[in-house]
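Asker: This is the structure I have questions about; it appears just below.
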Amino acid sequence: MTLEEKIGQMIQADISAITPEDLAKYPLGSILAGGNSGPYGDERGDAAKWSKLVHEFRKASAKAGAGIPILFGIDAVHGHSNLPGATLFPHNIGLGAAHDPALIQRIGEVTAIEVAASGIDWTFAPTLAVPQDLRWGRSYEGYAADPALVASYAKAMTVGLQGPLAPGKPIPADRVAATAKHYLADGGTDGGKDQGDALISERELVARHAQGYPPAINAGALTVMASFSSWNGAKNHGNRSLLTDVLKGRMGFEGLVVGDWNGHGQIPGCSVTDCPKTFTAGLDLAMAPNSWKGLFEATVREAKDGTLPMARIDDAVARILRVKAKLGLLGVNPVDRGNPSIVGADAHLAVAREAAAKSLVLLKNNGGVLPLRPGAKVLIAGPGADSMAMQAGGWTITWQGTDTTAADFPKGQTIGRAIVAAVKDAGGSAAISADGNFSEKPDVAVVVYGEQPYAEFQGDMPNLAFREHAGEKALLAKLKAQGVKVVSVFLSGRPLFAGPEINASDAFVAAWLPGSQGEGVADVLVARKDGKPARGFTGKLPFPWPADAVSPVKTPLFAAGYGLTYASKAVVGTVNEDPKVDLVASASEGVYFALGKVPSPWHLSLDPGIAAHAVDLGAQEDAQQFSWSETGAIGIDGPPVDLMRQLDEEFALKLDGRLDAAAGPIAVTMAGATLKISPPVGPLTVRIPLRCFLEAGASFKAVGTPLRIAGDKGLSLTLRGASIEGVGQTIACPAK
Ligand code: GLC
């Protein structure tokens, strides 16, 4: 192999930024599809389309350079979740509640079969995080707070995905490479900040965060992914002691270490296109989604000038080739993956239905309101009653799990529809009414609500308070006032402080993010004609449930391991309703205005001639009305924050509120660039992609003034929210 061919093996590009033809000049070793990437730009491409793309890349790689086929990786983190029609399992937190390693192995097998069915040979799973501060937006990707449970699952999922390794033999065509991630202590960062710093002792690092890696490695995990986060100030992507001395030396890992999404660029002294330090530290394959060309050229230069020793290059390439050999990609008769017809097979859906049922944890069931009796009149209400997006969560079709529709889940059913069917099968009547309105009074209302989908840092929170989305408290109170029994089915990526909601419910079920098979929830909640449900409650809390909104949880309302069954006679009394934290403060750099208030660390500035006062938009004083008596601007200022990742991920600035009176165009300035908008008078929801500000000259590396809104005399604007968020689709820029 030439030096260029060796370096090419050590670099991975995303399908949104490379074509098969590029491999002729840049013989890269691996391709990935990130959370928002779909085959030929189609985020809803089917298995056949994925398989076609993978084969095009593999054919091109076989003709490029030394003719070594690419590795193709994807995030199949709760089933093959990029793929419409795939079997979607509960996210890891719900699987942790099941306490069932054998089930985990079967989930791994089904996931591998459906990933391989689309021609792909590698999934970036399992996550072996042990989340400690549930403000972390990736808490739901962790199985549990108990390292022993994570360790048992690490082995089970690795064997499920890959099958048992046999010397000299490749893994089967319907198994794929696993990834133990994110190494190390991704779930241990200070404040639960995503990509933050784990300020912990070596003892804590080993005893709590490393326990999943030996079982995964001993089960044959072919890859490990480095974590964005740091340990005591040292970025994991550049930590030689952890990547080489511990992982490869003491743990004996012989596979490849892959970086996370341009994570190498966060090492001091590195950029996304130039980082020999990460390779010398022990990274074998850099995930350089859109930076691959620059990184290739710089690394070739550094190999030639000796900055990157040839021995390290040869070791990295050997590891990469070892994984490819284990996947059967090398040689004259390479293993060929791709059997689209098996995606979403009934047998697969049955495993997901069982997993959804086993993931549920019953926190309260006063008066035995559950299971729903045969013949009952049932109302299913709440924003989650008929929402695949809420029950599937992030990493579903799109990276953030937003902007999906029922059509994306042809094999699934929502919780509401599954309960309607089950109640009718048992001789009862049932209907879905999201707002809780009814003509005929029901015996019981099942109210499904909780968190909206999110992924990664987009889910970071300032505290553990459940932030209602659609007036849930008022809905529960209305039903109670009407004398209707209330069952809350709470969809969330983590335990949250929900004291008022628990008190307003006769029964309260922690349902986490149960995936596409809502029938699994109905199997437990609804009794059949014989008066018994198909399954009982068996789930136990994988994390403590907080009694207030303080995190890490100091006073659990329910301890880890708690979970009622139908045999339990426990009565839950009135619980604390005081969050004990400031509900507006924000730890995320992306929230500038929340419920009409400016959260820390931001400050509001008003030019002279602009008056502001609190108003009720959707709830009591949840917005501020600004009135211009002369030309000027309102501004949000604070500590400079790096928004390059958000720019990379197509985030947008979102303004939410109402335009009360117009006075010419409104000038919106972000990160130093100004765009003009002219919305109609009335309710206001504006989304402006960060790239539009970039095109107008913005700089997102250190943004200290994330927002200014300028207008002329006569303008009146009511603002409830201003934030940046992932939008999962391409939005046009405002007309110039
Ligand atoms: C993301 C995640 C990682 C994922 C990778 C590829 O940023 O941190 O878990 O595997 O990028 O999508």
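Numbering starts fresh at 1 for the residues of each chain in the structure tokens, the chains themselves are lettered A, B, ... in the order given, and ligands are numbered from 1 as they appear.
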Near range 422-435 of chain A, within 8 Å and counting only C-alpha atoms, which residues show up once chain neighbours fewer than 4 positions away are dropped, as number ranges by chain?
Answerer: A: 372, 374-386, 416-418, 475, 522-523, 526-529
Asker: Export all heavy atoms of the chosen residues as a compact mmCIF listing (two decimals), in the first residue's frame?
Answerer:
```txt
# COMPACT_ATOMS: atom_id res chain seq x y z
N LEU A 372 -56.99 -1.28 32.68
CA LEU A 372 -58.28 -0.78 32.23
C LEU A 372 -59.22 -1.99 32.10
O LEU A 372 -58.90 -2.95 31.43
CB LEU A 372 -58.12 -0.05 30.89
CG LEU A 372 -57.13 1.12 30.89
CD1 LEU A 372 -57.04 1.73 29.48
CD2 LEU A 372 -57.50 2.17 31.92
N PRO A 374 -62.28 -4.65 31.26
CA PRO A 374 -63.05 -4.98 30.06
C PRO A 374 -64.37 -4.20 30.07
O PRO A 374 -64.99 -4.06 31.11
CB PRO A 374 -63.32 -6.48 30.21
CG PRO A 374 -62.31 -6.98 31.19
CD PRO A 374 -62.01 -5.84 32.11
N GLY A 375 -64.73 -3.65 28.92
CA GLY A 375 -66.00 -2.94 28.82
C GLY A 375 -65.92 -1.48 29.23
O GLY A 375 -66.91 -0.76 29.16
N ALA A 376 -64.74 -1.01 29.62
CA ALA A 376 -64.64 0.38 30.10
C ALA A 376 -64.80 1.37 28.95
O ALA A 376 -64.56 1.05 27.79
CB ALA A 376 -63.28 0.58 30.76
N LYS A 377 -65.24 2.59 29.32
CA LYS A 377 -65.27 3.72 28.38
C LYS A 377 -64.00 4.51 28.61
O LYS A 377 -63.77 5.03 29.70
CB LYS A 377 -66.49 4.60 28.65
CG LYS A 377 -67.76 4.18 27.93
CD LYS A 377 -68.77 5.30 27.83
CE LYS A 377 -69.40 5.68 29.18
NZ LYS A 377 -70.20 4.56 29.74
N VAL A 378 -63.12 4.57 27.57
CA VAL A 378 -61.78 5.12 27.76
C VAL A 378 -61.54 6.28 26.80
O VAL A 378 -61.91 6.21 25.62
CB VAL A 378 -60.70 4.03 27.52
CG1 VAL A 378 -59.30 4.60 27.67
CG2 VAL A 378 -60.92 2.85 28.48
N LEU A 379 -60.93 7.34 27.32
CA LEU A 379 -60.50 8.48 26.49
C LEU A 379 -58.98 8.49 26.50
O LEU A 379 -58.38 8.29 27.57
CB LEU A 379 -61.02 9.79 27.10
CG LEU A 379 -60.67 11.08 26.38
CD1 LEU A 379 -61.54 11.22 25.13
CD2 LEU A 379 -60.87 12.29 27.29
N ILE A 380 -58.36 8.64 25.33
CA ILE A 380 -56.90 8.78 25.30
C ILE A 380 -56.61 10.22 24.88
O ILE A 380 -57.03 10.66 23.81
CB ILE A 380 -56.23 7.79 24.33
CG1 ILE A 380 -56.60 6.35 24.74
CG2 ILE A 380 -54.72 7.94 24.37
CD1 ILE A 380 -57.62 5.72 23.88
N ALA A 381 -55.89 10.95 25.74
CA ALA A 381 -55.66 12.38 25.51
C ALA A 381 -54.19 12.71 25.62
O ALA A 381 -53.37 11.81 25.88
CB ALA A 381 -56.46 13.18 26.55
N GLY A 382 -53.87 13.98 25.37
CA GLY A 382 -52.50 14.45 25.52
C GLY A 382 -51.74 14.51 24.21
O GLY A 382 -52.10 13.82 23.25
N PRO A 383 -50.66 15.29 24.17
CA PRO A 383 -49.88 15.47 22.92
C PRO A 383 -49.22 14.19 22.45
O PRO A 383 -48.88 14.05 21.29
CB PRO A 383 -48.85 16.52 23.30
CG PRO A 383 -48.78 16.51 24.79
CD PRO A 383 -50.12 16.11 25.27
N GLY A 384 -49.05 13.22 23.34
CA GLY A 384 -48.39 11.97 22.95
C GLY A 384 -49.34 10.86 22.61
O GLY A 384 -48.92 9.74 22.29
N ALA A 385 -50.65 11.15 22.64
CA ALA A 385 -51.64 10.07 22.43
C ALA A 385 -51.47 9.43 21.06
O ALA A 385 -51.56 8.22 20.92
CB ALA A 385 -53.05 10.62 22.58
N ASP A 386 -51.17 10.26 20.06
CA ASP A 386 -51.09 9.73 18.68
C ASP A 386 -49.83 10.26 18.00
O ASP A 386 -49.87 10.75 16.88
CB ASP A 386 -52.36 10.17 17.92
CG ASP A 386 -52.59 9.32 16.68
OD1 ASP A 386 -52.14 8.16 16.67
OD2 ASP A 386 -53.19 9.84 15.71
N GLY A 416 -51.88 5.55 21.54
CA GLY A 416 -53.32 5.80 21.56
C GLY A 416 -54.08 4.82 20.69
O GLY A 416 -55.09 4.24 21.12
N ARG A 417 -53.61 4.61 19.49
CA ARG A 417 -54.34 3.71 18.57
C ARG A 417 -54.29 2.27 19.09
O ARG A 417 -55.25 1.51 18.96
CB ARG A 417 -53.75 3.82 17.17
CG ARG A 417 -54.04 5.16 16.55
CD ARG A 417 -53.34 5.35 15.21
NE ARG A 417 -53.42 6.75 14.80
CZ ARG A 417 -54.01 7.15 13.66
NH1 ARG A 417 -54.50 6.25 12.83
NH2 ARG A 417 -54.06 8.43 13.36
N ALA A 418 -53.17 1.90 19.70
CA ALA A 418 -53.06 0.54 20.24
C ALA A 418 -54.02 0.35 21.41
O ALA A 418 -54.67 -0.70 21.53
CB ALA A 418 -51.62 0.29 20.68
N LEU A 475 -54.88 20.22 31.54
CA LEU A 475 -55.66 19.08 31.01
C LEU A 475 -55.95 18.07 32.12
O LEU A 475 -57.08 17.64 32.31
CB LEU A 475 -54.87 18.42 29.88
CG LEU A 475 -55.41 17.10 29.31
CD1 LEU A 475 -56.83 17.26 28.80
CD2 LEU A 475 -54.48 16.58 28.20
N ALA A 522 -50.17 -1.17 25.27
CA ALA A 522 -51.56 -1.63 25.48
C ALA A 522 -51.60 -3.01 26.11
O ALA A 522 -52.46 -3.31 26.93
CB ALA A 522 -52.29 -1.64 24.14
N ASP A 523 -50.61 -3.85 25.76
CA ASP A 523 -50.57 -5.21 26.34
C ASP A 523 -50.53 -5.19 27.86
O ASP A 523 -51.01 -6.11 28.52
CB ASP A 523 -49.32 -5.96 25.83
CG ASP A 523 -49.45 -6.38 24.38
OD1 ASP A 523 -50.58 -6.35 23.85
OD2 ASP A 523 -48.41 -6.68 23.77
N VAL A 526 -54.13 -2.60 29.30
CA VAL A 526 -55.52 -2.94 29.00
C VAL A 526 -55.79 -4.42 29.32
O VAL A 526 -55.10 -5.30 28.80
CB VAL A 526 -55.84 -2.68 27.52
CG1 VAL A 526 -57.32 -2.99 27.24
CG2 VAL A 526 -55.53 -1.23 27.15
N ALA A 527 -56.79 -4.67 30.14
CA ALA A 527 -57.17 -6.07 30.44
C ALA A 527 -57.99 -6.62 29.28
O ALA A 527 -58.79 -5.92 28.67
CB ALA A 527 -57.98 -6.13 31.71
N ARG A 528 -57.75 -7.89 28.97
CA ARG A 528 -58.53 -8.55 27.93
C ARG A 528 -59.89 -8.96 28.51
O ARG A 528 -60.17 -8.71 29.69
CB ARG A 528 -57.76 -9.78 27.43
CG ARG A 528 -56.45 -9.42 26.73
CD ARG A 528 -55.58 -10.63 26.50
NE ARG A 528 -55.29 -11.32 27.76
CZ ARG A 528 -54.36 -12.28 27.85
NH1 ARG A 528 -53.65 -12.61 26.78
NH2 ARG A 528 -54.15 -12.89 28.99
N LYS A 529 -60.71 -9.63 27.71
CA LYS A 529 -62.05 -10.01 28.18
C LYS A 529 -62.00 -10.82 29.48
O LYS A 529 -62.89 -10.74 30.32
CB LYS A 529 -62.77 -10.82 27.10
CG LYS A 529 -63.32 -9.98 25.94
CD LYS A 529 -64.37 -10.74 25.15
CE LYS A 529 -65.06 -9.81 24.11
NZ LYS A 529 -64.59 -10.11 22.74
```
Asker: How close does range 54-147 of chain A get to range 225-228 of chain A? List, as CSV, each residue of range 54-147 of chain A within 10 Å, its nearest atom pair and the distance in Å to one decimal, counting only C-alpha atoms.
Answerer:
```
residue,atom,partner,partner_atom,distance
A:Phe124,CA,A:Met225,CA,7.7
A:Ala125,CA,A:Met225,CA,9.1
A:Thr127,CA,A:Met225,CA,9.3
```
Asker: Using the selection just defined, write its residues with C-alpha atoms as an mmCIF file, in the first residue's frame.
Answerer:
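The new file out_32.cif reads:
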```cif
data_model
loop_
_atom_site.group_PDB
_atom_site.id
_atom_site.type_symbol
_atom_site.label_atom_id
_atom_site.label_comp_id
_atom_site.auth_asym_id
_atom_site.auth_seq_id
_atom_site.Cartn_x
_atom_site.Cartn_y
_atom_site.Cartn_z
ATOM 1 C CA PHE A 124 -22.339 2.871 16.182
ATOM 2 C CA ALA A 125 -23.872 1.025 19.111
ATOM 3 C CA THR A 127 -23.688 3.267 24.039
#
```
Asker: Find the residues near range 75-83 of chain A: any atom within 10 Å, counting only C-alpha atoms, skip ones fewer than 6 places away on the same chain, and give them as a PyMOL selection string.
Answerer: chain A and resi 32-38+43-47+50+89-92+95+107-118+122-127+141+178-179+343-344+348+352+392-399+401+408-409+513-516
Asker: Going by DSSP on the backbone, which bits of range 476-607 of chain A are helix (DSSP H, G or I)? Write them as a PyMOL selection string, please.
Answerer: chain A and resi 476-481+499-503+519-525
Asker: Report, in Å to a single decimal, how far apart CA of Glu725 in chain A and CA of Gly590 in chain A are.
Answerer: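 Here the two named atoms are 7.3 Å from each other.
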Asker: Could you tell me which of A:Asp190, A:Asp197, A:Asp315, A:Glu456 comes closest to ligand 1 if we count only C-alpha atoms and all ligand atoms?
Answerer: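 Answer, going by the shortest atom-to-atom distance: A:Glu456.
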Asker: Closest to Ala614 in chain A among A:Ala48, A:Ile419, A:Leu719, A:Val575, using only C-alpha atoms?
Answerer: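 Residue with the minimum atom-to-atom distance to Ala614 in chain A: A:Leu719.
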Asker: Env of range 654-667 of chain A: 8 Å cut, atoms = only C-alpha atoms, seq-sep filter 2 positions within chain, self excluded. Answer as JSON, numbers by chain.
Answerer: {"A": [617, 623, 652, 669, 674, 675, 676, 677, 678, 679, 680, 681, 682, 683, 684, 685, 686, 687, 688, 708, 709, 710, 711, 712, 713, 714, 715, 716, 717, 718, 719, 720, 721, 722, 723, 724, 725]}
Asker: Mind writing the picked residues with N, CA and C atoms as a short mmCIF file (atom, residue, chain, number, x, y, z; two decimals), in the first residue's frame?
Answerer:
```
data_model
loop_
_atom_site.label_atom_id
_atom_site.label_comp_id
_atom_site.auth_asym_id
_atom_site.auth_seq_id
_atom_site.Cartn_x
_atom_site.Cartn_y
_atom_site.Cartn_z
N LEU A 617 -49.47 35.22 26.78
CA LEU A 617 -49.68 34.81 25.38
C LEU A 617 -50.42 33.48 25.36
N ALA A 623 -44.81 35.77 28.20
CA ALA A 623 -44.20 36.50 27.07
C ALA A 623 -43.96 37.95 27.49
N ALA A 652 -31.35 26.28 13.36
CA ALA A 652 -31.99 27.54 12.96
C ALA A 652 -32.31 28.36 14.20
N THR A 669 -30.40 40.41 13.87
CA THR A 669 -28.94 40.26 13.80
C THR A 669 -28.50 39.11 14.67
N THR A 674 -26.82 40.67 9.77
CA THR A 674 -28.21 41.13 9.87
C THR A 674 -29.03 40.68 8.66
N LEU A 675 -30.21 40.16 8.95
CA LEU A 675 -31.17 39.79 7.89
C LEU A 675 -32.48 40.52 8.18
N LYS A 676 -33.26 40.80 7.14
CA LYS A 676 -34.52 41.51 7.36
C LYS A 676 -35.69 40.57 7.09
N ILE A 677 -36.69 40.68 7.98
CA ILE A 677 -37.90 39.85 7.80
C ILE A 677 -39.12 40.77 7.87
N SER A 678 -40.18 40.36 7.19
CA SER A 678 -41.42 41.15 7.22
C SER A 678 -42.60 40.23 7.45
N PRO A 679 -42.72 39.68 8.67
CA PRO A 679 -43.81 38.73 8.94
C PRO A 679 -45.15 39.45 9.00
N PRO A 680 -46.25 38.74 8.80
CA PRO A 680 -47.58 39.35 8.90
C PRO A 680 -47.93 39.61 10.36
N VAL A 681 -48.79 40.56 10.58
CA VAL A 681 -49.29 40.80 11.95
C VAL A 681 -50.03 39.54 12.41
N GLY A 682 -49.82 39.15 13.66
CA GLY A 682 -50.52 37.95 14.19
C GLY A 682 -49.51 37.00 14.81
N PRO A 683 -49.94 35.75 15.03
CA PRO A 683 -49.03 34.78 15.66
C PRO A 683 -47.73 34.66 14.87
N LEU A 684 -46.64 34.51 15.57
CA LEU A 684 -45.32 34.59 14.92
C LEU A 684 -44.51 33.35 15.27
N THR A 685 -44.12 32.60 14.26
CA THR A 685 -43.11 31.54 14.44
C THR A 685 -42.15 31.66 13.27
N VAL A 686 -40.97 32.15 13.55
CA VAL A 686 -39.98 32.39 12.48
C VAL A 686 -38.81 31.47 12.71
N ARG A 687 -38.35 30.79 11.65
CA ARG A 687 -37.12 29.99 11.75
C ARG A 687 -36.14 30.47 10.69
N ILE A 688 -34.96 30.88 11.11
CA ILE A 688 -33.93 31.36 10.16
C ILE A 688 -32.68 30.49 10.34
N ARG A 708 -30.10 40.32 18.14
CA ARG A 708 -30.58 41.71 18.25
C ARG A 708 -31.78 41.80 17.32
N ILE A 709 -32.80 42.50 17.78
CA ILE A 709 -34.00 42.69 16.94
C ILE A 709 -34.24 44.20 16.86
N ALA A 710 -34.10 44.76 15.65
CA ALA A 710 -34.22 46.22 15.49
C ALA A 710 -35.46 46.54 14.66
N GLY A 711 -36.06 47.70 15.00
CA GLY A 711 -37.25 48.12 14.26
C GLY A 711 -37.42 49.62 14.36
N ASP A 712 -38.50 50.08 13.75
CA ASP A 712 -38.78 51.53 13.72
C ASP A 712 -39.99 51.86 14.58
N LYS A 713 -40.19 53.15 14.75
CA LYS A 713 -41.31 53.66 15.56
C LYS A 713 -42.62 53.04 15.10
N GLY A 714 -43.36 52.53 16.07
CA GLY A 714 -44.66 51.92 15.74
C GLY A 714 -44.63 50.40 15.78
N LEU A 715 -43.43 49.84 15.78
CA LEU A 715 -43.35 48.37 15.84
C LEU A 715 -43.78 47.92 17.24
N SER A 716 -44.57 46.84 17.30
CA SER A 716 -44.92 46.22 18.59
C SER A 716 -44.81 44.70 18.42
N LEU A 717 -43.94 44.11 19.23
CA LEU A 717 -43.63 42.69 19.07
C LEU A 717 -43.73 41.99 20.42
N THR A 718 -44.53 40.92 20.48
CA THR A 718 -44.61 40.10 21.70
C THR A 718 -43.75 38.86 21.50
N LEU A 719 -42.78 38.69 22.41
CA LEU A 719 -41.83 37.58 22.28
C LEU A 719 -42.01 36.60 23.44
N ARG A 720 -42.22 35.33 23.11
CA ARG A 720 -42.32 34.31 24.16
C ARG A 720 -41.02 33.53 24.24
N GLY A 721 -40.51 33.15 23.02
CA GLY A 721 -39.30 32.32 23.01
C GLY A 721 -38.36 32.75 21.91
N ALA A 722 -37.07 32.58 22.19
CA ALA A 722 -36.05 32.79 21.15
C ALA A 722 -34.94 31.79 21.46
N SER A 723 -34.66 30.93 20.51
CA SER A 723 -33.66 29.88 20.77
C SER A 723 -33.13 29.38 19.45
N ILE A 724 -32.08 28.54 19.52
CA ILE A 724 -31.66 27.86 18.29
C ILE A 724 -31.98 26.39 18.47
N GLU A 725 -32.39 25.75 17.40
CA GLU A 725 -32.78 24.35 17.52
C GLU A 725 -32.53 23.62 16.21
#
```
Asker: Tell me which protein, DNA and RNA residues are within 8 Å of Lys364 in chain A, counting only C-alpha atoms, leaving out same-chain ones fewer than 3 positions away, and put them as a list of chain:residue names.
Answerer: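 My list of contacting residues is A:Ile502, A:Asp506, A:Ala507, A:Phe508, A:Val509, A:Leu564, A:Ala570, A:Val571, A:Val572.
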Asker: Using all heavy atoms, can you write the selected residues to a file as an mmCIF file, in the first residue's frame?
Answerer:
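Dumped to again.cif:
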```
data_model
loop_
_atom_site.group_PDB
_atom_site.id
_atom_site.type_symbol
_atom_site.label_atom_id
_atom_site.label_comp_id
_atom_site.auth_asym_id
_atom_site.auth_seq_id
_atom_site.Cartn_x
_atom_site.Cartn_y
_atom_site.Cartn_z
ATOM 1 N N ILE A 502 -47.933 13.911 39.009
ATOM 2 C CA ILE A 502 -48.132 12.653 39.747
ATOM 3 C C ILE A 502 -49.310 12.803 40.714
ATOM 4 O O ILE A 502 -50.185 11.940 40.798
ATOM 5 C CB ILE A 502 -46.843 12.248 40.497
ATOM 6 C CG1 ILE A 502 -45.762 11.845 39.491
ATOM 7 C CG2 ILE A 502 -47.119 11.101 41.479
ATOM 8 C CD1 ILE A 502 -44.395 11.597 40.102
ATOM 9 N N ASP A 506 -54.266 9.304 39.035
ATOM 10 C CA ASP A 506 -54.568 8.132 39.884
ATOM 11 C C ASP A 506 -53.521 7.048 39.657
ATOM 12 O O ASP A 506 -53.137 6.330 40.564
ATOM 13 C CB ASP A 506 -55.964 7.592 39.539
ATOM 14 C CG ASP A 506 -57.032 8.631 39.841
ATOM 15 O OD1 ASP A 506 -57.304 8.843 41.037
ATOM 16 O OD2 ASP A 506 -57.523 9.276 38.896
ATOM 17 N N ALA A 507 -53.056 6.984 38.390
ATOM 18 C CA ALA A 507 -51.970 6.051 38.069
ATOM 19 C C ALA A 507 -50.941 6.806 37.245
ATOM 20 O O ALA A 507 -51.292 7.716 36.479
ATOM 21 C CB ALA A 507 -52.489 4.851 37.283
ATOM 22 N N PHE A 508 -49.681 6.451 37.397
ATOM 23 C CA PHE A 508 -48.606 7.148 36.679
ATOM 24 C C PHE A 508 -47.608 6.113 36.195
ATOM 25 O O PHE A 508 -47.065 5.343 36.995
ATOM 26 C CB PHE A 508 -47.917 8.156 37.603
ATOM 27 C CG PHE A 508 -47.049 9.159 36.896
ATOM 28 C CD1 PHE A 508 -47.548 10.399 36.538
ATOM 29 C CD2 PHE A 508 -45.736 8.867 36.556
ATOM 30 C CE1 PHE A 508 -46.762 11.338 35.871
ATOM 31 C CE2 PHE A 508 -44.937 9.782 35.883
ATOM 32 C CZ PHE A 508 -45.446 11.032 35.552
ATOM 33 N N VAL A 509 -47.418 6.051 34.854
ATOM 34 C CA VAL A 509 -46.533 5.056 34.239
ATOM 35 C C VAL A 509 -45.354 5.769 33.597
ATOM 36 O O VAL A 509 -45.546 6.679 32.782
ATOM 37 C CB VAL A 509 -47.281 4.258 33.146
ATOM 38 C CG1 VAL A 509 -46.346 3.267 32.462
ATOM 39 C CG2 VAL A 509 -48.498 3.543 33.724
ATOM 40 N N LEU A 564 -43.852 -0.794 40.722
ATOM 41 C CA LEU A 564 -44.983 -1.561 41.231
ATOM 42 C C LEU A 564 -45.381 -2.643 40.227
ATOM 43 O O LEU A 564 -45.075 -2.542 39.046
ATOM 44 C CB LEU A 564 -46.178 -0.625 41.481
ATOM 45 C CG LEU A 564 -45.958 0.523 42.469
ATOM 46 C CD1 LEU A 564 -47.235 1.386 42.567
ATOM 47 C CD2 LEU A 564 -45.560 -0.003 43.840
ATOM 48 N N ALA A 570 -49.544 -0.958 47.094
ATOM 49 C CA ALA A 570 -48.989 0.306 47.611
ATOM 50 C C ALA A 570 -49.854 1.479 47.184
ATOM 51 O O ALA A 570 -50.346 1.525 46.061
ATOM 52 C CB ALA A 570 -47.575 0.479 47.066
ATOM 53 N N VAL A 571 -50.076 2.415 48.091
ATOM 54 C CA VAL A 571 -50.782 3.658 47.762
ATOM 55 C C VAL A 571 -49.762 4.786 47.847
ATOM 56 O O VAL A 571 -49.027 4.893 48.830
ATOM 57 C CB VAL A 571 -51.940 3.917 48.743
ATOM 58 C CG1 VAL A 571 -52.566 5.296 48.493
ATOM 59 C CG2 VAL A 571 -52.982 2.815 48.603
ATOM 60 N N VAL A 572 -49.690 5.587 46.799
ATOM 61 C CA VAL A 572 -48.736 6.709 46.777
ATOM 62 C C VAL A 572 -49.464 7.962 47.246
ATOM 63 O O VAL A 572 -50.464 8.376 46.663
ATOM 64 C CB VAL A 572 -48.176 6.930 45.345
ATOM 65 C CG1 VAL A 572 -47.300 8.179 45.308
ATOM 66 C CG2 VAL A 572 -47.379 5.709 44.897
#
```
Asker: Suppose you want the space between CA of Pro579 in chain A and CA of Arg467 in chain A; what is it in Å?
Answerer: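 Separating CA of Pro579 in chain A from CA of Arg467 in chain A is a distance of 11.2 Å.
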Asker: Env of range 250-260 of chain A: 9 Å cut, atoms = only C-alpha atoms, seq-sep filter 3 positions within chain, self excluded. Answer as an MDAnalysis selection string.
Answerer: chainID A and resid 10 12 179 182 213:214 217:218 220:228 237 243:247 263:264 278 282:288 316:320 322:323
Asker: Rank A:Cys733, A:Val369, A:Ile7, A:Ala207 by their smallest atom-to-atom distance to Val300 in chain A, using only C-alpha atoms, and report the top residue only.
Answerer: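 Closest candidate: A:Ile7.
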Asker: Between CA of Lys485 in chain A and CA of Ala470 in chain A, what distance in Å does the model show, to one decimal?
Answerer: 20.1 Å
